[in-house]
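Peer 1: As input, take work-v2.cif (mmCIF, N, CA, C and O atoms):
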```
data_entry
#
loop_
_atom_site.label_atom_id
_atom_site.label_comp_id
_atom_site.auth_asym_id
_atom_site.auth_seq_id
_atom_site.Cartn_x
_atom_site.Cartn_y
_atom_site.Cartn_z
N MET A 1 1.94 6.90 -13.36
CA MET A 1 1.79 7.61 -12.10
C MET A 1 1.27 6.63 -11.04
O MET A 1 0.38 5.84 -11.30
N MET A 2 1.84 6.70 -9.87
CA MET A 2 1.47 5.78 -8.79
C MET A 2 0.45 6.45 -7.86
O MET A 2 0.56 7.62 -7.52
N TYR A 3 -0.56 5.63 -7.45
CA TYR A 3 -1.52 6.08 -6.45
C TYR A 3 -1.02 5.64 -5.07
O TYR A 3 -0.71 4.48 -4.86
N VAL A 4 -0.95 6.59 -4.14
CA VAL A 4 -0.59 6.30 -2.76
C VAL A 4 -1.77 6.75 -1.90
O VAL A 4 -2.16 7.92 -1.95
N SER A 5 -2.34 5.81 -1.14
CA SER A 5 -3.52 6.13 -0.34
C SER A 5 -3.22 7.21 0.70
O SER A 5 -2.07 7.44 1.07
N ARG A 6 -4.28 7.83 1.18
CA ARG A 6 -4.15 8.88 2.19
C ARG A 6 -3.46 8.34 3.45
O ARG A 6 -2.61 9.00 4.04
N ALA A 7 -3.82 7.12 3.87
CA ALA A 7 -3.20 6.53 5.07
C ALA A 7 -1.71 6.33 4.87
O ALA A 7 -0.91 6.62 5.76
N VAL A 8 -1.32 5.86 3.69
CA VAL A 8 0.11 5.64 3.42
C VAL A 8 0.84 6.97 3.34
O VAL A 8 1.95 7.11 3.86
N ARG A 9 0.24 7.97 2.73
CA ARG A 9 0.87 9.30 2.68
C ARG A 9 1.11 9.83 4.10
O ARG A 9 2.16 10.39 4.39
N SER A 10 0.14 9.65 4.97
CA SER A 10 0.26 10.10 6.36
C SER A 10 1.41 9.37 7.07
O SER A 10 2.22 10.00 7.76
N ILE A 11 1.49 8.06 6.88
CA ILE A 11 2.58 7.27 7.50
C ILE A 11 3.92 7.71 6.93
O ILE A 11 4.90 7.87 7.66
N ARG A 12 3.97 7.92 5.63
CA ARG A 12 5.22 8.32 4.97
C ARG A 12 5.71 9.66 5.49
O ARG A 12 6.90 9.86 5.70
N GLU A 13 4.79 10.58 5.75
CA GLU A 13 5.15 11.92 6.21
C GLU A 13 5.47 11.97 7.69
O GLU A 13 6.24 12.82 8.13
N ASP A 14 4.86 11.09 8.49
CA ASP A 14 5.06 11.12 9.94
C ASP A 14 5.10 9.70 10.50
O ASP A 14 4.19 9.27 11.22
N PRO A 15 6.17 8.95 10.16
CA PRO A 15 6.24 7.56 10.60
C PRO A 15 6.50 7.44 12.10
O PRO A 15 7.11 8.30 12.71
N ILE A 16 6.01 6.34 12.67
CA ILE A 16 6.31 6.00 14.06
C ILE A 16 7.47 5.02 14.02
O ILE A 16 7.33 3.90 13.50
N GLU A 17 8.62 5.43 14.53
CA GLU A 17 9.84 4.61 14.49
C GLU A 17 9.61 3.25 15.12
O GLU A 17 9.07 3.15 16.23
N GLY A 18 9.98 2.20 14.40
CA GLY A 18 9.90 0.84 14.91
C GLY A 18 8.52 0.21 14.83
O GLY A 18 8.36 -0.97 15.13
N GLU A 19 7.53 0.96 14.40
CA GLU A 19 6.16 0.44 14.30
C GLU A 19 5.94 -0.12 12.89
O GLU A 19 6.09 0.60 11.90
N PRO A 20 5.57 -1.40 12.77
CA PRO A 20 5.37 -1.97 11.43
C PRO A 20 4.00 -1.62 10.86
O PRO A 20 3.06 -1.28 11.59
N VAL A 21 3.89 -1.72 9.54
CA VAL A 21 2.63 -1.55 8.84
C VAL A 21 2.61 -2.58 7.71
O VAL A 21 3.65 -2.94 7.17
N THR A 22 1.42 -3.06 7.39
CA THR A 22 1.28 -4.00 6.28
C THR A 22 0.66 -3.25 5.11
O THR A 22 -0.36 -2.57 5.26
N LEU A 23 1.30 -3.38 3.96
CA LEU A 23 0.87 -2.67 2.76
C LEU A 23 0.47 -3.63 1.66
O LEU A 23 1.01 -4.74 1.56
N SER A 24 -0.44 -3.18 0.83
CA SER A 24 -0.80 -3.88 -0.40
C SER A 24 -0.20 -3.09 -1.55
O SER A 24 -0.45 -1.88 -1.67
N LEU A 25 0.60 -3.77 -2.35
CA LEU A 25 1.29 -3.12 -3.47
C LEU A 25 0.76 -3.69 -4.77
O LEU A 25 0.89 -4.88 -5.04
N ALA A 26 0.17 -2.85 -5.60
CA ALA A 26 -0.28 -3.26 -6.93
C ALA A 26 0.86 -2.99 -7.90
O ALA A 26 1.51 -1.95 -7.85
N THR A 27 1.10 -3.95 -8.79
CA THR A 27 2.21 -3.83 -9.74
C THR A 27 1.70 -3.50 -11.13
O THR A 27 0.56 -3.83 -11.49
N ASP A 28 2.57 -2.85 -11.92
CA ASP A 28 2.29 -2.60 -13.33
C ASP A 28 2.05 -3.92 -14.04
O ASP A 28 2.67 -4.93 -13.70
N ASP A 29 1.18 -3.91 -15.05
CA ASP A 29 0.91 -5.12 -15.82
C ASP A 29 2.18 -5.70 -16.45
O ASP A 29 2.32 -6.91 -16.56
N ASP A 30 3.09 -4.83 -16.85
CA ASP A 30 4.31 -5.31 -17.52
C ASP A 30 5.53 -5.37 -16.60
O ASP A 30 6.65 -5.57 -17.05
N ALA A 31 5.31 -5.23 -15.30
CA ALA A 31 6.44 -5.26 -14.34
C ALA A 31 6.95 -6.69 -14.17
O ALA A 31 6.19 -7.65 -14.24
N ASP A 32 8.24 -6.81 -13.94
CA ASP A 32 8.87 -8.09 -13.61
C ASP A 32 8.66 -8.30 -12.12
O ASP A 32 9.28 -7.64 -11.29
N LEU A 33 7.76 -9.22 -11.76
CA LEU A 33 7.36 -9.40 -10.37
C LEU A 33 8.54 -9.74 -9.47
O LEU A 33 8.66 -9.24 -8.36
N GLU A 34 9.44 -10.59 -9.95
CA GLU A 34 10.61 -10.96 -9.15
C GLU A 34 11.49 -9.74 -8.89
O GLU A 34 12.01 -9.56 -7.78
N ALA A 35 11.65 -8.88 -9.89
CA ALA A 35 12.45 -7.66 -9.72
C ALA A 35 11.78 -6.70 -8.74
O ALA A 35 12.46 -6.07 -7.92
N VAL A 36 10.47 -6.59 -8.82
CA VAL A 36 9.74 -5.72 -7.89
C VAL A 36 9.88 -6.26 -6.47
O VAL A 36 10.16 -5.50 -5.53
N GLU A 37 9.72 -7.58 -6.29
CA GLU A 37 9.88 -8.18 -4.97
C GLU A 37 11.27 -7.90 -4.41
O GLU A 37 11.41 -7.52 -3.24
N ALA A 38 12.30 -8.06 -5.23
CA ALA A 38 13.67 -7.82 -4.78
C ALA A 38 13.86 -6.35 -4.39
O ALA A 38 14.48 -6.05 -3.37
N ALA A 39 13.31 -5.43 -5.18
CA ALA A 39 13.44 -4.01 -4.88
C ALA A 39 12.70 -3.63 -3.60
O ALA A 39 13.19 -2.82 -2.81
N VAL A 40 11.53 -4.23 -3.40
CA VAL A 40 10.76 -3.98 -2.19
C VAL A 40 11.54 -4.46 -0.97
O VAL A 40 11.61 -3.78 0.06
N GLU A 41 12.15 -5.64 -1.08
CA GLU A 41 12.94 -6.15 0.04
C GLU A 41 14.19 -5.30 0.27
O GLU A 41 14.55 -5.04 1.42
N ASP A 42 14.81 -4.81 -0.81
CA ASP A 42 15.95 -3.89 -0.67
C ASP A 42 15.53 -2.59 0.02
O ASP A 42 16.34 -1.95 0.69
N ALA A 43 14.26 -2.20 -0.14
CA ALA A 43 13.75 -0.98 0.48
C ALA A 43 13.39 -1.18 1.95
O ALA A 43 12.99 -0.24 2.63
N GLY A 44 13.53 -2.42 2.45
CA GLY A 44 13.30 -2.67 3.87
C GLY A 44 12.04 -3.43 4.21
O GLY A 44 11.73 -3.61 5.38
N ALA A 45 11.28 -3.87 3.20
CA ALA A 45 10.03 -4.58 3.45
C ALA A 45 10.23 -6.09 3.37
O ALA A 45 11.21 -6.57 2.80
N THR A 46 9.29 -6.81 3.95
CA THR A 46 9.26 -8.27 3.86
C THR A 46 8.01 -8.65 3.08
O THR A 46 6.90 -8.24 3.46
N VAL A 47 8.18 -9.40 1.99
CA VAL A 47 7.03 -9.85 1.22
C VAL A 47 6.36 -10.97 2.00
O VAL A 47 6.97 -12.01 2.27
N GLU A 48 5.12 -10.75 2.41
CA GLU A 48 4.36 -11.72 3.19
C GLU A 48 3.69 -12.74 2.28
O GLU A 48 3.63 -13.92 2.60
N ARG A 49 3.12 -12.25 1.17
CA ARG A 49 2.48 -13.16 0.23
C ARG A 49 2.17 -12.43 -1.07
O ARG A 49 2.12 -11.21 -1.11
N ARG A 50 1.95 -13.23 -2.12
CA ARG A 50 1.48 -12.69 -3.39
C ARG A 50 -0.04 -12.70 -3.36
O ARG A 50 -0.66 -13.65 -2.91
N LEU A 51 -0.60 -11.62 -3.84
CA LEU A 51 -2.05 -11.48 -3.90
C LEU A 51 -2.53 -11.69 -5.34
O LEU A 51 -1.73 -11.90 -6.24
N GLN A 52 -3.81 -11.58 -5.55
CA GLN A 52 -4.38 -11.70 -6.87
C GLN A 52 -3.79 -10.63 -7.80
O GLN A 52 -3.43 -9.53 -7.36
N PHE A 53 -3.68 -10.93 -9.07
CA PHE A 53 -3.21 -10.00 -10.11
C PHE A 53 -1.76 -9.56 -9.89
O PHE A 53 -1.38 -8.44 -10.22
N ASP A 54 -0.93 -10.44 -9.33
CA ASP A 54 0.49 -10.15 -9.08
C ASP A 54 0.72 -8.98 -8.13
O ASP A 54 1.76 -8.33 -8.17
N ASP A 55 -0.25 -8.71 -7.26
CA ASP A 55 -0.05 -7.72 -6.21
C ASP A 55 0.67 -8.39 -5.05
O ASP A 55 0.72 -9.61 -4.97
N LEU A 56 1.24 -7.58 -4.17
CA LEU A 56 2.02 -8.10 -3.05
C LEU A 56 1.50 -7.54 -1.73
O LEU A 56 1.13 -6.37 -1.66
N ALA A 57 1.50 -8.37 -0.71
CA ALA A 57 1.26 -7.92 0.66
C ALA A 57 2.61 -7.92 1.34
O ALA A 57 3.32 -8.93 1.32
N VAL A 58 3.02 -6.78 1.89
CA VAL A 58 4.33 -6.66 2.52
C VAL A 58 4.19 -6.04 3.90
O VAL A 58 3.26 -5.28 4.16
N SER A 59 5.12 -6.38 4.78
CA SER A 59 5.20 -5.68 6.06
C SER A 59 6.49 -4.88 6.03
O SER A 59 7.49 -5.30 5.46
N VAL A 60 6.44 -3.71 6.65
CA VAL A 60 7.57 -2.79 6.60
C VAL A 60 7.52 -1.87 7.81
O VAL A 60 6.45 -1.47 8.24
N PRO A 61 8.69 -1.55 8.39
CA PRO A 61 8.70 -0.53 9.44
C PRO A 61 8.22 0.80 8.84
O PRO A 61 8.56 1.13 7.70
N GLN A 62 7.43 1.54 9.61
CA GLN A 62 6.86 2.78 9.08
C GLN A 62 7.92 3.74 8.54
O GLN A 62 7.68 4.42 7.54
N GLU A 63 9.10 3.76 9.17
CA GLU A 63 10.13 4.69 8.69
C GLU A 63 10.70 4.31 7.33
O GLU A 63 11.43 5.09 6.71
N ARG A 64 10.35 3.13 6.80
CA ARG A 64 10.83 2.69 5.48
C ARG A 64 9.74 2.76 4.40
O ARG A 64 9.98 2.42 3.24
N VAL A 65 8.54 3.23 4.77
CA VAL A 65 7.43 3.31 3.82
C VAL A 65 7.79 4.21 2.64
O VAL A 65 7.50 3.90 1.48
N ALA A 66 8.45 5.33 2.89
CA ALA A 66 8.84 6.23 1.80
C ALA A 66 9.73 5.51 0.80
O ALA A 66 9.61 5.72 -0.41
N ASP A 67 10.63 4.65 1.29
CA ASP A 67 11.52 3.89 0.40
C ASP A 67 10.72 2.92 -0.46
O ASP A 67 11.00 2.77 -1.66
N VAL A 68 9.74 2.26 0.13
CA VAL A 68 8.91 1.32 -0.63
C VAL A 68 8.14 2.07 -1.72
O VAL A 68 8.00 1.58 -2.84
N CYS A 69 7.67 3.27 -1.41
CA CYS A 69 6.92 4.05 -2.39
C CYS A 69 7.76 4.48 -3.59
O CYS A 69 7.21 4.88 -4.62
N GLN A 70 9.07 4.37 -3.49
CA GLN A 70 9.97 4.74 -4.58
C GLN A 70 10.28 3.58 -5.53
O GLN A 70 10.94 3.77 -6.55
N VAL A 71 9.80 2.38 -5.22
CA VAL A 71 10.11 1.20 -6.02
C VAL A 71 9.44 1.30 -7.40
O VAL A 71 8.25 1.58 -7.50
N ASP A 72 10.23 1.07 -8.45
CA ASP A 72 9.70 1.06 -9.81
C ASP A 72 8.82 -0.17 -10.01
O ASP A 72 9.09 -1.23 -9.46
N GLY A 73 7.78 -0.02 -10.81
CA GLY A 73 6.90 -1.13 -11.14
C GLY A 73 5.63 -1.18 -10.32
O GLY A 73 4.79 -2.05 -10.52
N LEU A 74 5.46 -0.23 -9.38
CA LEU A 74 4.25 -0.19 -8.56
C LEU A 74 3.25 0.82 -9.13
O LEU A 74 3.64 1.88 -9.61
N THR A 75 1.97 0.49 -9.04
CA THR A 75 0.93 1.43 -9.47
C THR A 75 0.10 1.94 -8.30
O THR A 75 -0.46 3.02 -8.36
N THR A 76 0.04 1.15 -7.20
CA THR A 76 -0.77 1.53 -6.04
C THR A 76 -0.10 1.04 -4.77
O THR A 76 0.41 -0.09 -4.73
N VAL A 77 -0.10 1.91 -3.74
CA VAL A 77 0.39 1.53 -2.41
C VAL A 77 -0.71 1.90 -1.42
O VAL A 77 -1.08 3.07 -1.30
N GLU A 78 -1.26 0.88 -0.72
CA GLU A 78 -2.32 1.09 0.25
C GLU A 78 -2.03 0.27 1.49
O GLU A 78 -1.28 -0.70 1.44
N THR A 79 -2.66 0.64 2.61
CA THR A 79 -2.58 -0.23 3.78
C THR A 79 -3.54 -1.39 3.55
O THR A 79 -4.51 -1.27 2.81
N THR A 80 -3.26 -2.52 4.19
CA THR A 80 -4.13 -3.68 4.00
C THR A 80 -5.32 -3.68 4.94
O THR A 80 -6.21 -4.51 4.78
N ASP A 81 -5.36 -2.77 5.89
CA ASP A 81 -6.46 -2.76 6.85
C ASP A 81 -7.58 -1.81 6.46
O ASP A 81 -8.27 -1.25 7.29
N VAL A 82 -7.79 -1.64 5.16
CA VAL A 82 -8.87 -0.80 4.66
C VAL A 82 -10.19 -1.51 4.90
O VAL A 82 -10.34 -2.70 4.62
N ILE A 83 -11.16 -0.79 5.43
CA ILE A 83 -12.48 -1.36 5.68
C ILE A 83 -13.33 -1.15 4.44
O ILE A 83 -13.46 -0.04 3.94
N THR A 84 -13.92 -2.22 3.95
CA THR A 84 -14.76 -2.16 2.77
C THR A 84 -16.22 -2.25 3.19
O THR A 84 -16.60 -3.11 3.97
N ILE A 85 -17.04 -1.36 2.66
CA ILE A 85 -18.47 -1.37 2.94
C ILE A 85 -19.18 -1.73 1.65
O ILE A 85 -19.00 -1.07 0.63
N ALA A 86 -19.99 -2.78 1.69
CA ALA A 86 -20.76 -3.16 0.50
C ALA A 86 -21.72 -2.03 0.16
O ALA A 86 -22.36 -1.46 1.04
N THR A 87 -21.85 -1.71 -1.11
CA THR A 87 -22.65 -0.58 -1.55
C THR A 87 -24.07 -0.64 -1.02
O THR A 87 -24.63 0.35 -0.58
N GLY A 88 -24.68 -1.82 -1.01
CA GLY A 88 -26.04 -1.96 -0.55
C GLY A 88 -26.21 -1.68 0.92
O GLY A 88 -27.30 -1.36 1.39
N GLU A 89 -25.14 -1.78 1.69
CA GLU A 89 -25.20 -1.57 3.13
C GLU A 89 -24.75 -0.18 3.56
O GLU A 89 -24.91 0.21 4.70
N ALA A 90 -24.18 0.57 2.66
CA ALA A 90 -23.64 1.88 3.01
C ALA A 90 -24.76 2.90 3.14
O ALA A 90 -25.75 2.87 2.44
N THR A 91 -24.56 3.84 4.07
CA THR A 91 -25.46 4.98 4.21
C THR A 91 -24.64 6.24 3.98
O THR A 91 -23.42 6.19 3.90
N ASP A 92 -25.31 7.37 3.92
CA ASP A 92 -24.60 8.64 3.76
C ASP A 92 -23.58 8.86 4.88
O ASP A 92 -22.56 9.50 4.70
N GLU A 93 -23.89 8.35 6.08
CA GLU A 93 -23.00 8.53 7.21
C GLU A 93 -21.72 7.70 7.08
O GLU A 93 -20.71 8.01 7.69
N ASP A 94 -21.77 6.61 6.28
CA ASP A 94 -20.63 5.72 6.13
C ASP A 94 -19.63 6.21 5.09
O ASP A 94 -18.52 5.75 5.04
N VAL A 95 -20.05 7.11 4.24
CA VAL A 95 -19.23 7.51 3.09
C VAL A 95 -18.74 8.94 3.28
O VAL A 95 -19.53 9.84 3.54
N GLU A 96 -17.44 9.12 3.17
CA GLU A 96 -16.86 10.46 3.25
C GLU A 96 -16.26 10.77 1.89
O GLU A 96 -15.38 10.06 1.40
N LEU A 97 -16.74 11.81 1.25
CA LEU A 97 -16.27 12.17 -0.08
C LEU A 97 -15.22 13.26 0.01
O LEU A 97 -15.32 14.16 0.85
N ASP A 98 -14.22 13.18 -0.86
CA ASP A 98 -13.25 14.26 -0.99
C ASP A 98 -13.91 15.36 -1.81
O ASP A 98 -14.46 15.12 -2.87
N ARG A 99 -13.89 16.55 -1.28
CA ARG A 99 -14.50 17.69 -2.00
C ARG A 99 -13.47 18.69 -2.38
O ARG A 99 -12.53 18.93 -1.78
#
```
Translate the structure of the given file into C-alpha coordinates.
Peer 2:
Amino acid sequence: MMYVSRAVRSIREDPIEGEPVTLSLATDDDADLEAVEAAVEDAGATVERRLQFDDLAVSVPQERVADVCQVDGLTTVETTDVITIATGEATDEDVELDR
(Lines of atoms letter the chains of each structure in order from A and count residues from 1; the text may use other names and numbers.)
(Lines give C-alpha, C1' and ligand atoms only; values in the text may rest on other atoms or scores of the structure.)
Protein backbone atom coordinates (compact mmCIF):
# COMPACT_ATOMS: atom_id res chain seq x y z
CA MET A 1 0.00 0.00 0.00
CA MET A 2 1.34 3.42 -0.92
CA TYR A 3 1.28 6.46 1.38
CA VAL A 4 0.33 9.72 -0.36
CA SER A 5 0.70 12.85 1.78
CA ARG A 6 -2.22 15.19 2.36
CA ALA A 7 -0.55 17.90 0.23
CA VAL A 8 -0.08 15.51 -2.68
CA ARG A 9 -3.67 14.25 -2.39
CA SER A 10 -4.87 17.86 -2.55
CA ILE A 11 -2.75 18.59 -5.64
CA ARG A 12 -3.90 15.35 -7.28
CA GLU A 13 -7.56 16.22 -6.71
CA ASP A 14 -7.33 19.89 -7.72
CA PRO A 15 -4.20 20.54 -9.80
CA ILE A 16 -3.21 23.97 -11.06
CA GLU A 17 -2.61 23.55 -14.81
CA GLY A 18 0.97 24.29 -15.82
CA GLU A 19 2.17 24.76 -12.24
CA PRO A 20 5.09 22.45 -11.33
CA VAL A 21 5.60 20.68 -8.01
CA THR A 22 8.61 18.82 -6.66
CA LEU A 23 7.93 15.44 -5.11
CA SER A 24 9.89 12.98 -3.03
CA LEU A 25 9.21 9.40 -4.08
CA ALA A 26 10.17 6.53 -1.78
CA THR A 27 10.65 3.21 -3.56
CA ASP A 28 9.99 -0.37 -2.48
CA ASP A 29 13.07 -2.14 -1.13
CA ASP A 30 12.85 -4.68 -3.96
CA ALA A 31 11.92 -2.22 -6.74
CA ASP A 32 14.08 -1.92 -9.84
CA LEU A 33 15.15 1.72 -9.52
CA GLU A 34 15.86 2.15 -13.23
CA ALA A 35 12.39 0.79 -14.09
CA VAL A 36 10.76 3.11 -11.54
CA GLU A 37 12.68 6.10 -12.95
CA ALA A 38 11.57 5.21 -16.49
CA ALA A 39 7.93 4.82 -15.38
CA VAL A 40 8.02 8.13 -13.51
CA GLU A 41 9.38 9.87 -16.61
CA ASP A 42 6.71 8.16 -18.76
CA ALA A 43 4.14 9.59 -16.31
CA GLY A 44 5.36 13.11 -17.11
CA ALA A 45 7.91 13.78 -14.35
CA THR A 46 11.57 14.72 -14.56
CA VAL A 47 13.93 12.96 -12.16
CA GLU A 48 15.97 15.74 -10.56
CA ARG A 49 18.17 13.55 -8.37
CA ARG A 50 18.45 10.31 -6.44
CA LEU A 51 18.03 10.67 -2.71
CA GLN A 52 19.13 8.48 0.17
CA PHE A 53 17.74 4.90 0.25
CA ASP A 54 17.02 4.89 -3.53
CA ASP A 55 14.34 7.56 -3.18
CA LEU A 56 13.83 10.06 -5.99
CA ALA A 57 13.25 13.81 -6.15
CA VAL A 58 11.17 14.64 -9.21
CA SER A 59 9.52 17.70 -10.69
CA VAL A 60 6.17 17.30 -12.40
CA PRO A 61 3.34 19.50 -13.65
CA GLN A 62 0.54 19.35 -11.08
CA GLU A 63 -1.88 17.92 -13.64
CA ARG A 64 0.40 14.83 -13.96
CA VAL A 65 0.70 14.11 -10.21
CA ALA A 66 -2.10 11.52 -10.38
CA ASP A 67 -0.14 9.67 -13.09
CA VAL A 68 3.01 9.63 -10.95
CA CYS A 69 1.01 8.23 -8.03
CA GLN A 70 0.08 5.24 -10.21
CA VAL A 71 3.70 4.15 -10.79
CA ASP A 72 4.47 0.65 -9.50
CA GLY A 73 7.34 0.34 -7.03
CA LEU A 74 6.56 3.44 -4.95
CA THR A 75 5.77 3.33 -1.24
CA THR A 76 5.49 7.06 -0.46
CA VAL A 77 4.72 10.22 -2.44
CA GLU A 78 5.27 13.55 -0.64
CA THR A 79 6.07 17.13 -1.56
CA THR A 80 9.69 18.08 -0.94
CA ASP A 81 8.82 21.36 0.77
CA VAL A 82 7.71 19.73 4.02
CA ILE A 83 8.80 21.75 7.05
CA THR A 84 10.45 19.66 9.73
CA ILE A 85 10.38 20.76 13.37
CA ALA A 86 12.92 19.21 15.72
CA THR A 87 11.09 17.52 18.59
CA GLY A 88 12.93 19.53 21.23
CA GLU A 89 11.85 22.79 19.62
CA ALA A 90 8.22 21.93 18.95
CA THR A 91 5.39 23.28 21.08
CA ASP A 92 1.74 22.28 21.19
CA GLU A 93 1.01 25.16 18.81
CA ASP A 94 3.44 23.74 16.21
CA VAL A 95 1.89 20.28 16.05
CA GLU A 96 -1.45 19.51 14.44
CA LEU A 97 -2.73 16.00 15.09
CA ASP A 98 -5.20 14.12 12.94
CA ARG A 99 -8.13 13.17 15.14
Peer 1: Starting from the PyMOL selection byres (((chain A and resi 53-69 and name CA) around 10) and name CA), expand the selection into actual residues of this file and give them as a PyMOL selection string.
Peer 2: chain A and resi 2-4+8-9+11-29+31-33+36-37+39-52+70-72+74-80
Peer 1: Could you pull out all residues of chain A with a DSSP call of strand (DSSP E) and give them as a list in words?
Peer 2: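 These are the residues in question: Tyr3, Val4, Pro20, Val21, Thr22, Leu23, Ser24, Leu25, Ala26, Thr27, Thr46, Val47, Glu48, Arg49, Arg50, Leu56, Ala57, Val58, Ser59, Val60, Pro61, Leu74, Thr75, Thr76, Val77, Glu78 and Thr79 of chain A.
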Peer 1: I need the residues of chain A that end up classed as alpha helix (DSSP H) by DSSP on the backbone, written out as a list in words.
Peer 2: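 After running DSSP on the backbone, chain A has alpha helix (DSSP H) at Arg6, Ala7, Val8, Arg9, Ser10, Ile11, Arg12, Glu13, Leu33, Glu34, Ala35, Val36, Glu37, Ala38, Ala39, Val40, Glu41, Asp42, Val65, Ala66, Asp67, Val68 and Cys69 of chain A.
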Peer 1: At what distance in Å, to one decimal, does atom CA of A:Ser10 lie from atom C of A:Glu34?
Peer 2: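 Going from atom C of A:Glu34 over to atom CA of A:Ser10, I get 27.4 Å.
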Peer 1: Expressed in Å to a single decimal, how great is the separation between atom O of A:Asp30 and atom N of A:Met1?
Peer 2: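 Interatomic distance here is 13.8 Å.
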Peer 1: Mind giving me the straight-line distance from atom O of A:Gly73 to atom C of A:Ala35 in Å, one decimal?
Peer 2: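 Atom O of A:Gly73 sits 8.6 Å away from atom C of A:Ala35.
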Peer 1: For stretch 26-45 of chain A, what centre and edge lengths in Å (one decimal) does the axis-aligned box get once 4 Å is added on each side of all its listed atoms, as lines of an AutoDock Vina configuration file?
Peer 2:
```
center_x = 8.0
center_y = -5.6
center_z = -6.1
size_x = 24.6
size_y = 18.7
size_z = 30.9
```
